[in-house]
$ cat entry26.cif   # mmCIF, C-alpha atoms, pLDDT in the B column; chains and numbers go by the auth columns
data_work
#
loop_
_atom_site.group_PDB
_atom_site.id
_atom_site.type_symbol
_atom_site.label_atom_id
_atom_site.label_comp_id
_atom_site.label_asym_id
_atom_site.label_seq_id
_atom_site.Cartn_x
_atom_site.Cartn_y
_atom_site.Cartn_z
_atom_site.B_iso_or_equiv
_atom_site.auth_seq_id
_atom_site.auth_asym_id
ATOM 1 C CA MET A 1 48.594 -25.951 2.594 40.00 11 A
ATOM 2 C CA THR A 2 52.229 -26.327 1.573 39.00 12 A
ATOM 3 C CA THR A 3 53.849 -24.283 -1.151 38.00 13 A
ATOM 4 C CA SER A 4 54.188 -27.251 -3.486 38.00 14 A
ATOM 5 C CA THR A 5 50.509 -28.128 -3.056 36.00 15 A
ATOM 6 C CA ALA A 6 49.489 -24.538 -3.718 36.00 16 A
ATOM 7 C CA GLU A 7 51.533 -24.451 -6.915 37.00 17 A
ATOM 8 C CA THR A 8 49.969 -27.742 -8.061 37.00 18 A
ATOM 9 C CA VAL A 9 46.439 -26.446 -7.529 35.00 19 A
ATOM 10 C CA ALA A 10 47.253 -23.107 -9.189 36.00 20 A
ATOM 11 C CA THR A 11 48.540 -24.702 -12.377 38.00 21 A
ATOM 12 C CA ARG A 12 45.411 -26.833 -12.902 38.00 22 A
ATOM 13 C CA GLY A 13 43.175 -23.948 -13.858 42.00 23 A
ATOM 14 C CA PRO A 14 41.227 -21.048 -12.312 42.00 24 A
ATOM 15 C CA SER A 15 41.976 -20.845 -8.617 47.00 25 A
ATOM 16 C CA SER A 16 40.511 -18.841 -5.765 51.00 26 A
ATOM 17 C CA MET A 17 44.094 -18.311 -4.589 72.00 27 A
ATOM 18 C CA SER A 18 44.959 -16.181 -7.607 82.00 28 A
ATOM 19 C CA LYS A 19 45.350 -12.468 -6.874 90.00 29 A
ATOM 20 C CA VAL A 20 43.798 -11.415 -10.197 93.00 30 A
ATOM 21 C CA PRO A 21 40.228 -11.834 -11.507 93.00 31 A
ATOM 22 C CA GLU A 22 38.905 -14.303 -14.043 92.00 32 A
ATOM 23 C CA PRO A 23 38.714 -12.892 -17.615 93.00 33 A
ATOM 24 C CA THR A 24 34.920 -12.760 -17.747 94.00 34 A
ATOM 25 C CA LEU A 25 32.830 -10.402 -19.871 93.00 35 A
ATOM 26 C CA VAL A 26 32.680 -7.929 -16.969 95.00 36 A
ATOM 27 C CA PHE A 27 36.479 -8.101 -16.704 96.00 37 A
ATOM 28 C CA TRP A 28 36.914 -7.071 -20.332 95.00 38 A
ATOM 29 C CA ILE A 29 34.308 -4.312 -20.064 95.00 39 A
ATOM 30 C CA ILE A 30 36.046 -2.782 -17.049 96.00 40 A
ATOM 31 C CA LYS A 31 39.434 -3.217 -18.725 95.00 41 A
ATOM 32 C CA ILE A 32 38.346 -1.221 -21.781 93.00 42 A
ATOM 33 C CA LEU A 33 36.712 1.422 -19.575 93.00 43 A
ATOM 34 C CA ALA A 34 39.921 1.672 -17.524 93.00 44 A
ATOM 35 C CA THR A 35 42.090 2.055 -20.612 90.00 45 A
ATOM 36 C CA THR A 36 39.853 4.856 -21.859 89.00 46 A
ATOM 37 C CA VAL A 37 40.066 6.600 -18.485 90.00 47 A
ATOM 38 C CA GLY A 38 43.837 6.241 -18.599 85.00 48 A
ATOM 39 C CA GLU A 39 43.885 8.323 -21.763 80.00 49 A
ATOM 40 C CA THR A 40 41.312 10.973 -20.828 87.00 50 A
ATOM 41 C CA PHE A 41 42.103 11.379 -17.123 88.00 51 A
ATOM 42 C CA ALA A 42 45.803 11.828 -17.817 86.00 52 A
ATOM 43 C CA ASP A 43 44.947 14.614 -20.273 83.00 53 A
ATOM 44 C CA PHE A 44 42.507 16.134 -17.762 87.00 54 A
ATOM 45 C CA LEU A 45 45.105 16.304 -14.973 87.00 55 A
ATOM 46 C CA ALA A 46 47.922 17.565 -17.151 87.00 56 A
ATOM 47 C CA THR A 47 45.925 20.092 -19.190 84.00 57 A
ATOM 48 C CA ASN A 48 42.667 21.052 -17.473 83.00 58 A
ATOM 49 C CA LEU A 49 44.184 21.243 -13.980 84.00 59 A
ATOM 50 C CA ASN A 50 47.417 22.724 -15.357 85.00 60 A
ATOM 51 C CA LEU A 51 49.594 20.239 -13.485 87.00 61 A
ATOM 52 C CA GLY A 52 51.702 19.528 -16.536 88.00 62 A
ATOM 53 C CA LEU A 53 52.981 16.125 -17.588 90.00 63 A
ATOM 54 C CA THR A 54 55.857 16.016 -15.094 90.00 64 A
ATOM 55 C CA ASN A 55 53.866 16.923 -11.966 93.00 65 A
ATOM 56 C CA THR A 56 50.964 14.716 -13.024 93.00 66 A
ATOM 57 C CA THR A 57 53.372 11.806 -13.446 94.00 67 A
ATOM 58 C CA TYR A 58 54.799 12.329 -9.952 94.00 68 A
ATOM 59 C CA VAL A 59 51.346 12.489 -8.344 94.00 69 A
ATOM 60 C CA MET A 60 49.872 9.525 -10.173 95.00 70 A
ATOM 61 C CA GLY A 61 53.072 7.514 -9.779 96.00 71 A
ATOM 62 C CA ALA A 62 52.916 7.988 -6.005 97.00 72 A
ATOM 63 C CA LEU A 63 49.239 6.957 -5.896 96.00 73 A
ATOM 64 C CA LEU A 64 50.005 3.905 -8.013 97.00 74 A
ATOM 65 C CA ALA A 65 52.828 2.881 -5.684 97.00 75 A
ATOM 66 C CA ILE A 66 50.466 3.070 -2.695 98.00 76 A
ATOM 67 C CA ALA A 67 47.778 1.076 -4.514 97.00 77 A
ATOM 68 C CA LEU A 68 50.265 -1.631 -5.507 97.00 78 A
ATOM 69 C CA VAL A 69 51.554 -1.931 -1.931 97.00 79 A
ATOM 70 C CA VAL A 70 47.979 -2.551 -0.775 97.00 80 A
ATOM 71 C CA GLN A 71 47.415 -4.985 -3.666 96.00 81 A
ATOM 72 C CA PHE A 72 50.569 -6.973 -2.863 96.00 82 A
ATOM 73 C CA ARG A 73 49.729 -7.093 0.837 95.00 83 A
ATOM 74 C CA SER A 74 46.187 -8.384 0.262 92.00 84 A
ATOM 75 C CA VAL A 75 45.741 -12.112 0.790 89.00 85 A
ATOM 76 C CA ARG A 76 43.000 -12.681 -1.796 88.00 86 A
ATOM 77 C CA HIS A 77 41.730 -10.929 -4.854 91.00 87 A
ATOM 78 C CA ALA A 78 39.791 -7.802 -3.891 93.00 88 A
ATOM 79 C CA PRO A 79 37.954 -6.154 -6.837 95.00 89 A
ATOM 80 C CA SER A 80 38.162 -2.612 -5.440 95.00 90 A
ATOM 81 C CA ILE A 81 41.908 -2.764 -4.793 96.00 91 A
ATOM 82 C CA TYR A 82 42.715 -4.573 -8.017 97.00 92 A
ATOM 83 C CA TRP A 83 40.757 -2.263 -10.320 97.00 93 A
ATOM 84 C CA LEU A 84 42.002 0.871 -8.564 96.00 94 A
ATOM 85 C CA ALA A 85 45.526 -0.314 -9.340 97.00 95 A
ATOM 86 C CA VAL A 86 44.549 -1.002 -12.970 96.00 96 A
ATOM 87 C CA VAL A 87 43.045 2.479 -13.438 96.00 97 A
ATOM 88 C CA LEU A 88 46.102 4.120 -11.890 96.00 98 A
ATOM 89 C CA ILE A 89 48.565 2.042 -13.901 96.00 99 A
ATOM 90 C CA SER A 90 46.575 2.920 -17.011 94.00 100 A
ATOM 91 C CA VAL A 91 47.051 6.609 -16.268 93.00 101 A
ATOM 92 C CA VAL A 92 50.744 6.177 -15.437 95.00 102 A
ATOM 93 C CA GLY A 93 51.376 4.102 -18.569 93.00 103 A
ATOM 94 C CA THR A 94 49.824 6.864 -20.644 89.00 104 A
ATOM 95 C CA LEU A 95 51.915 9.506 -18.888 93.00 105 A
ATOM 96 C CA ILE A 96 55.158 7.602 -19.445 94.00 106 A
ATOM 97 C CA THR A 97 54.572 7.543 -23.200 92.00 107 A
ATOM 98 C CA ASP A 98 53.354 11.158 -23.274 90.00 108 A
ATOM 99 C CA ASN A 99 56.439 12.313 -21.366 93.00 109 A
ATOM 100 C CA LEU A 100 58.747 10.572 -23.804 95.00 110 A
ATOM 101 C CA THR A 101 57.015 11.981 -26.873 93.00 111 A
ATOM 102 C CA ASP A 102 56.079 15.479 -25.636 91.00 112 A
ATOM 103 C CA ASN A 103 58.890 16.338 -23.204 91.00 113 A
ATOM 104 C CA PHE A 104 61.794 14.438 -24.721 93.00 114 A
ATOM 105 C CA GLY A 105 60.849 14.412 -28.387 93.00 115 A
ATOM 106 C CA VAL A 106 60.955 10.627 -28.796 95.00 116 A
ATOM 107 C CA SER A 107 58.972 9.583 -31.857 94.00 117 A
ATOM 108 C CA LEU A 108 55.880 7.378 -31.599 91.00 118 A
ATOM 109 C CA GLU A 109 57.604 4.816 -33.815 93.00 119 A
ATOM 110 C CA THR A 110 60.502 4.590 -31.370 96.00 120 A
ATOM 111 C CA THR A 111 58.355 4.410 -28.236 96.00 121 A
ATOM 112 C CA THR A 112 56.208 1.702 -29.837 94.00 122 A
ATOM 113 C CA ILE A 113 59.270 -0.397 -30.672 96.00 123 A
ATOM 114 C CA VAL A 114 60.924 0.186 -27.280 96.00 124 A
ATOM 115 C CA PHE A 115 57.845 -0.733 -25.242 97.00 125 A
ATOM 116 C CA ALA A 116 57.136 -3.734 -27.477 96.00 126 A
ATOM 117 C CA ALA A 117 60.683 -4.944 -26.815 98.00 127 A
ATOM 118 C CA ALA A 118 60.331 -4.272 -23.074 97.00 128 A
ATOM 119 C CA LEU A 119 57.053 -6.203 -22.983 97.00 129 A
ATOM 120 C CA LEU A 120 58.561 -9.126 -24.878 97.00 130 A
ATOM 121 C CA ALA A 121 61.567 -9.173 -22.540 98.00 131 A
ATOM 122 C CA THR A 122 59.221 -9.228 -19.526 98.00 132 A
ATOM 123 C CA PHE A 123 57.290 -12.170 -20.974 98.00 133 A
ATOM 124 C CA ILE A 124 60.531 -14.047 -21.614 98.00 134 A
ATOM 125 C CA ALA A 125 61.863 -13.395 -18.114 98.00 135 A
ATOM 126 C CA TRP A 126 58.497 -14.320 -16.565 98.00 136 A
ATOM 127 C CA TYR A 127 58.280 -17.606 -18.444 97.00 137 A
ATOM 128 C CA ALA A 128 61.936 -18.468 -17.823 98.00 138 A
ATOM 129 C CA SER A 129 61.405 -17.940 -14.104 97.00 139 A
ATOM 130 C CA GLU A 130 57.918 -19.425 -13.612 96.00 140 A
ATOM 131 C CA LYS A 131 57.385 -21.699 -16.659 96.00 141 A
ATOM 132 C CA THR A 132 53.933 -20.183 -17.166 95.00 142 A
ATOM 133 C CA LEU A 133 52.285 -16.910 -18.138 96.00 143 A
ATOM 134 C CA SER A 134 48.819 -17.930 -16.974 94.00 144 A
ATOM 135 C CA ILE A 135 46.922 -15.404 -14.869 93.00 145 A
ATOM 136 C CA HIS A 136 45.406 -18.332 -12.971 92.00 146 A
ATOM 137 C CA THR A 137 48.768 -18.881 -11.279 91.00 147 A
ATOM 138 C CA ILE A 138 49.339 -15.408 -9.790 94.00 148 A
ATOM 139 C CA THR A 139 49.806 -16.874 -6.307 90.00 149 A
ATOM 140 C CA SER A 140 53.243 -15.593 -5.311 93.00 150 A
ATOM 141 C CA THR A 141 54.868 -12.186 -4.923 94.00 151 A
ATOM 142 C CA ARG A 142 57.304 -12.832 -7.767 96.00 152 A
ATOM 143 C CA ARG A 143 54.563 -13.824 -10.190 96.00 153 A
ATOM 144 C CA GLU A 144 52.487 -10.841 -9.177 97.00 154 A
ATOM 145 C CA ALA A 145 55.478 -8.557 -9.746 97.00 155 A
ATOM 146 C CA PHE A 146 55.873 -9.964 -13.267 98.00 156 A
ATOM 147 C CA TYR A 147 52.137 -9.529 -13.820 98.00 157 A
ATOM 148 C CA TRP A 148 52.006 -5.848 -12.873 98.00 158 A
ATOM 149 C CA LEU A 149 55.201 -5.029 -14.775 97.00 159 A
ATOM 150 C CA THR A 150 53.619 -6.644 -17.821 97.00 160 A
ATOM 151 C CA ILE A 151 50.441 -4.618 -17.313 97.00 161 A
ATOM 152 C CA LEU A 152 52.445 -1.386 -17.119 97.00 162 A
ATOM 153 C CA PHE A 153 54.217 -2.101 -20.395 96.00 163 A
ATOM 154 C CA THR A 154 50.947 -3.054 -22.132 94.00 164 A
ATOM 155 C CA PHE A 155 49.501 0.346 -21.225 93.00 165 A
ATOM 156 C CA ALA A 156 52.608 2.265 -22.294 93.00 166 A
ATOM 157 C CA LEU A 157 52.826 0.279 -25.534 92.00 167 A
ATOM 158 C CA GLY A 158 49.104 0.640 -26.208 87.00 168 A
ATOM 159 C CA THR A 159 49.267 4.404 -25.802 86.00 169 A
ATOM 160 C CA ALA A 160 52.178 4.682 -28.222 89.00 170 A
ATOM 161 C CA ALA A 161 50.694 2.267 -30.768 87.00 171 A
ATOM 162 C CA GLY A 162 47.236 3.841 -30.537 82.00 172 A
ATOM 163 C CA ASP A 163 48.590 7.341 -31.108 82.00 173 A
ATOM 164 C CA LEU A 164 50.843 6.082 -33.904 85.00 174 A
ATOM 165 C CA ILE A 165 47.917 4.524 -35.775 83.00 175 A
ATOM 166 C CA ALA A 166 45.418 7.320 -35.142 77.00 176 A
ATOM 167 C CA GLU A 167 47.673 10.372 -35.427 76.00 177 A
ATOM 168 C CA GLY A 168 50.963 9.282 -36.968 75.00 178 A
ATOM 169 C CA LEU A 169 49.241 7.497 -39.859 79.00 179 A
ATOM 170 C CA ASN A 170 46.368 10.017 -39.970 81.00 180 A
ATOM 171 C CA LEU A 171 43.701 7.315 -39.823 83.00 181 A
ATOM 172 C CA GLY A 172 41.645 9.082 -37.182 83.00 182 A
ATOM 173 C CA TYR A 173 40.419 7.898 -33.801 85.00 183 A
ATOM 174 C CA TRP A 174 37.260 6.105 -34.927 87.00 184 A
ATOM 175 C CA VAL A 175 39.005 4.144 -37.700 88.00 185 A
ATOM 176 C CA SER A 176 41.780 3.210 -35.272 87.00 186 A
ATOM 177 C CA ALA A 177 39.234 1.972 -32.739 89.00 187 A
ATOM 178 C CA LEU A 178 37.602 -0.199 -35.411 92.00 188 A
ATOM 179 C CA ILE A 179 40.977 -1.633 -36.431 92.00 189 A
ATOM 180 C CA PHE A 180 41.876 -2.661 -32.885 92.00 190 A
ATOM 181 C CA ALA A 181 38.343 -3.937 -32.168 93.00 191 A
ATOM 182 C CA GLY A 182 38.549 -6.060 -35.307 95.00 192 A
ATOM 183 C CA ALA A 183 41.933 -7.432 -34.260 95.00 193 A
ATOM 184 C CA ILE A 184 40.534 -8.393 -30.842 94.00 194 A
ATOM 185 C CA ALA A 185 37.542 -10.095 -32.474 94.00 195 A
ATOM 186 C CA LEU A 186 39.907 -12.019 -34.743 95.00 196 A
ATOM 187 C CA VAL A 187 41.986 -13.211 -31.785 93.00 197 A
ATOM 188 C CA ALA A 188 38.884 -14.210 -29.817 91.00 198 A
ATOM 189 C CA GLY A 189 37.377 -15.991 -32.807 92.00 199 A
ATOM 190 C CA SER A 190 40.585 -17.904 -33.513 91.00 200 A
ATOM 191 C CA HIS A 191 40.767 -19.035 -29.898 88.00 201 A
ATOM 192 C CA ILE A 192 37.122 -20.154 -29.853 89.00 202 A
ATOM 193 C CA ILE A 193 37.530 -22.126 -33.080 90.00 203 A
ATOM 194 C CA ALA A 194 40.904 -23.690 -32.236 83.00 204 A
ATOM 195 C CA ARG A 195 40.107 -24.255 -28.534 80.00 205 A
ATOM 196 C CA ARG A 196 43.763 -23.840 -27.619 79.00 206 A
ATOM 197 C CA GLY A 197 46.316 -21.156 -26.836 88.00 207 A
ATOM 198 C CA ALA A 198 44.199 -19.523 -24.125 92.00 208 A
ATOM 199 C CA VAL A 199 47.152 -17.814 -22.445 94.00 209 A
ATOM 200 C CA PHE A 200 48.482 -16.433 -25.746 93.00 210 A
ATOM 201 C CA ALA A 201 45.015 -15.233 -26.803 94.00 211 A
ATOM 202 C CA PHE A 202 44.437 -13.557 -23.440 95.00 212 A
ATOM 203 C CA TRP A 203 47.633 -11.507 -23.563 96.00 213 A
ATOM 204 C CA ILE A 204 47.212 -10.496 -27.203 95.00 214 A
ATOM 205 C CA ALA A 205 43.668 -9.323 -26.457 94.00 215 A
ATOM 206 C CA TYR A 206 44.861 -7.567 -23.293 95.00 216 A
ATOM 207 C CA ILE A 207 47.526 -5.687 -25.240 93.00 217 A
ATOM 208 C CA LEU A 208 45.082 -4.687 -27.981 93.00 218 A
ATOM 209 C CA THR A 209 42.443 -3.371 -25.574 93.00 219 A
ATOM 210 C CA ARG A 210 44.823 -0.588 -24.561 88.00 220 A
ATOM 211 C CA PRO A 211 45.078 1.123 -27.981 87.00 221 A
ATOM 212 C CA LEU A 212 41.363 0.405 -28.449 90.00 222 A
ATOM 213 C CA GLY A 213 40.580 2.267 -25.227 85.00 223 A
ATOM 214 C CA ALA A 214 43.005 5.060 -26.080 79.00 224 A
ATOM 215 C CA SER A 215 41.395 5.547 -29.498 84.00 225 A
ATOM 216 C CA LEU A 216 37.901 5.541 -27.975 86.00 226 A
ATOM 217 C CA GLY A 217 38.975 8.005 -25.296 84.00 227 A
ATOM 218 C CA ASP A 218 40.447 10.395 -27.828 83.00 228 A
ATOM 219 C CA TYR A 219 37.445 10.037 -30.143 88.00 229 A
ATOM 220 C CA LEU A 220 35.025 10.941 -27.349 89.00 230 A
ATOM 221 C CA SER A 221 37.066 13.697 -25.716 88.00 231 A
ATOM 222 C CA GLN A 222 38.897 15.501 -28.516 86.00 232 A
ATOM 223 C CA PRO A 223 37.355 18.537 -30.262 89.00 233 A
ATOM 224 C CA ARG A 224 35.351 17.974 -33.423 88.00 234 A
ATOM 225 C CA HIS A 225 37.878 19.796 -35.571 85.00 235 A
ATOM 226 C CA ASP A 226 40.490 17.247 -34.436 82.00 236 A
ATOM 227 C CA GLY A 227 38.295 14.287 -35.337 81.00 237 A
ATOM 228 C CA GLY A 228 36.580 13.738 -31.969 86.00 238 A
ATOM 229 C CA LEU A 229 33.083 14.170 -30.605 91.00 239 A
ATOM 230 C CA GLY A 230 34.045 17.096 -28.377 91.00 240 A
ATOM 231 C CA ILE A 231 32.705 15.654 -25.106 91.00 241 A
ATOM 232 C CA GLY A 232 35.920 16.688 -23.363 90.00 242 A
ATOM 233 C CA THR A 233 38.209 14.925 -20.928 88.00 243 A
ATOM 234 C CA VAL A 234 36.091 15.904 -17.906 90.00 244 A
ATOM 235 C CA GLY A 235 32.836 14.461 -19.239 92.00 245 A
ATOM 236 C CA THR A 236 34.431 11.345 -20.703 90.00 246 A
ATOM 237 C CA SER A 237 36.431 10.598 -17.545 91.00 247 A
ATOM 238 C CA ALA A 238 33.396 11.155 -15.305 92.00 248 A
ATOM 239 C CA VAL A 239 31.136 8.825 -17.302 93.00 249 A
ATOM 240 C CA PHE A 240 33.696 6.037 -17.553 93.00 250 A
ATOM 241 C CA LEU A 241 34.832 6.295 -13.929 94.00 251 A
ATOM 242 C CA THR A 242 31.198 6.091 -12.822 95.00 252 A
ATOM 243 C CA ALA A 243 30.690 2.997 -14.953 96.00 253 A
ATOM 244 C CA ILE A 244 33.843 1.393 -13.520 96.00 254 A
ATOM 245 C CA LEU A 245 32.729 2.163 -9.962 96.00 255 A
ATOM 246 C CA ALA A 246 29.298 0.621 -10.581 97.00 256 A
ATOM 247 C CA LEU A 247 30.772 -2.568 -12.026 96.00 257 A
ATOM 248 C CA VAL A 248 33.362 -2.894 -9.251 96.00 258 A
ATOM 249 C CA VAL A 249 30.620 -2.510 -6.635 95.00 259 A
ATOM 250 C CA TYR A 250 28.683 -5.234 -8.454 94.00 260 A
ATOM 251 C CA LEU A 251 31.706 -7.544 -8.424 93.00 261 A
ATOM 252 C CA THR A 252 32.385 -6.827 -4.746 91.00 262 A
ATOM 253 C CA VAL A 253 28.814 -7.598 -3.719 90.00 263 A
ATOM 254 C CA GLN A 254 28.793 -10.709 -5.887 86.00 264 A
ATOM 255 C CA LYS A 255 32.074 -11.901 -4.384 73.00 265 A
ATOM 256 C CA ARG A 256 31.003 -11.612 -0.725 66.00 266 A
ATOM 257 C CA PRO A 257 28.820 -14.736 -0.550 55.00 267 A
ATOM 258 C CA ALA A 258 31.553 -16.816 -2.177 51.00 268 A
ATOM 259 C CA SER A 259 34.181 -15.408 0.189 50.00 269 A
ATOM 260 C CA ALA A 260 31.998 -16.102 3.230 48.00 270 A
ATOM 261 C CA GLU A 261 31.368 -19.666 2.035 49.00 271 A
ATOM 262 C CA ALA A 262 35.091 -20.237 1.469 47.00 272 A
ATOM 263 C CA ALA A 263 35.944 -18.861 4.908 44.00 273 A
ATOM 264 C CA SER A 264 33.385 -21.129 6.610 46.00 274 A
ATOM 265 C CA GLY A 265 34.873 -24.135 4.887 47.00 275 A
ATOM 266 C CA GLU A 266 38.447 -23.468 6.035 45.00 276 A
#
$ encode --input "entry26.cif" --output "structure tokens"
Amino acid sequence: MTTSTAETVATRGPSSMSKVPEPTLVFWIIKILATTVGETFADFLATNLNLGLTNTTYVMGALLAIALVVQFRSVRHAPSIYWLAVVLISVVGTLITDNLTDNFGVSLETTTIVFAAALLATFIAWYASEKTLSIHTITSTRREAFYWLTILFTFALGTAAGDLIAEGLNLGYWVSALIFAGAIALVAGSHIIARRGAVFAFWIAYILTRPLGASLGDYLSQPRHDGGLGIGTVGTSAVFLTAILALVVYLTVQKRPASAEAASGE
């Protein structure tokens, strides 16, 4: 298949050539679970294991780099590789924001604005280069690079915005989670009613799931006197990582028959 033919097929709609999964219900469930883990596991490594923010950032950054190399080198979408990269980038995105606020004293308002601007600039550059922001067209290295850079900024922005709403405005974790869940429902409902703007709706929902996950993670893990349930970062991370693993195994098993059928038809 030539490059031009591949691009034509990719722009028509969902394609098996895309390196990222379809936004199904399972996709969104794992995404929210991964965002929650990004919040709680980062706190677990930095605090419970006494690695500190700086050392934790170095370790997780190195693991993320390895995971992304494997992801970029893979020919087709592989659930295990893809979701490992998402979990790691969730942790790293959280750590970037935490480093700026805790180690360098940058306010949550500033980090929210900066990461929002960085995300917008990435979208503009992506669209100017590729003329599309659709995840169904992630079929080249350049588009995949734009995709993962966008994902990183959504996690960093979501962490800053989630903390700003929950802590900076003193609304609490549970109220913040309800606010972001309501915003996601509004976006989804508007898309279903209007039947247009799928790409825009996807990215808005993707951005909002990060602060939703961060608020849920803090609500479950933080002590009761701080407005949480007191489950702790260890328990919360363990439960959510187990759930992610189970769903990824399900997706991998489900994908095998389709992959075998596609290979036999080549």
$ closest_residue --input "entry26.cif" --among "A:Ala95, A:Ala170, A:Gly192, A:Asp228" --to "A:Ala77" --atoms "only C-alpha atoms"
A:Ala95
$ closest_residue --input "entry26.cif" --among "A:Leu63, A:Val209, A:Ile91, A:Ala138" --to "A:Asn113" --atoms "only C-alpha atoms"
A:Leu63
$ closest_residue --input "entry26.cif" --among "A:Asn109, A:Ser144, A:Gln81, A:Asn58" --to "A:Phe212" --atoms "only C-alpha atoms"
A:Ser144
$ axis_aligned_box --input "entry26.cif" --around "stretch 230-240 of chain A" --padding-each-side "6 Å" --output "lines of an AutoDock Vina configuration file"
center_x = 36.8
center_y = 15.4
center_z = -30.6
size_x = 19.4
size_y = 20.9
size_z = 21.9
$ atom_distance --input "entry26.cif" --atom1 "atom CA of A:Thr34" --atom2 "atom CA of A:Gly168"
21.3 Å
$ residues_around --input "entry26.cif" --residues "A:Leu162" --least-positions-apart "5" --cutoff "12 Å" --atoms "only C-alpha atoms" --output "NGL selection string"
:A and (45 or 48 or 71 or 74 or 78 or 95-107 or 125-126 or 128-129 or 132 or 155-157 or 167-169 or 216-217 or 220)
$ closest_residue --input "entry26.cif" --among "A:Trp38, A:Lys265, A:Val30, A:Gly237" --to "A:Thr147" --atoms "all atoms listed in the file"
A:Val30
$ closest_residue --input "entry26.cif" --among "A:Ala88, A:Leu118, A:Leu226, A:Ile123" --to "A:Gly178" --atoms "only C-alpha atoms"
A:Leu118
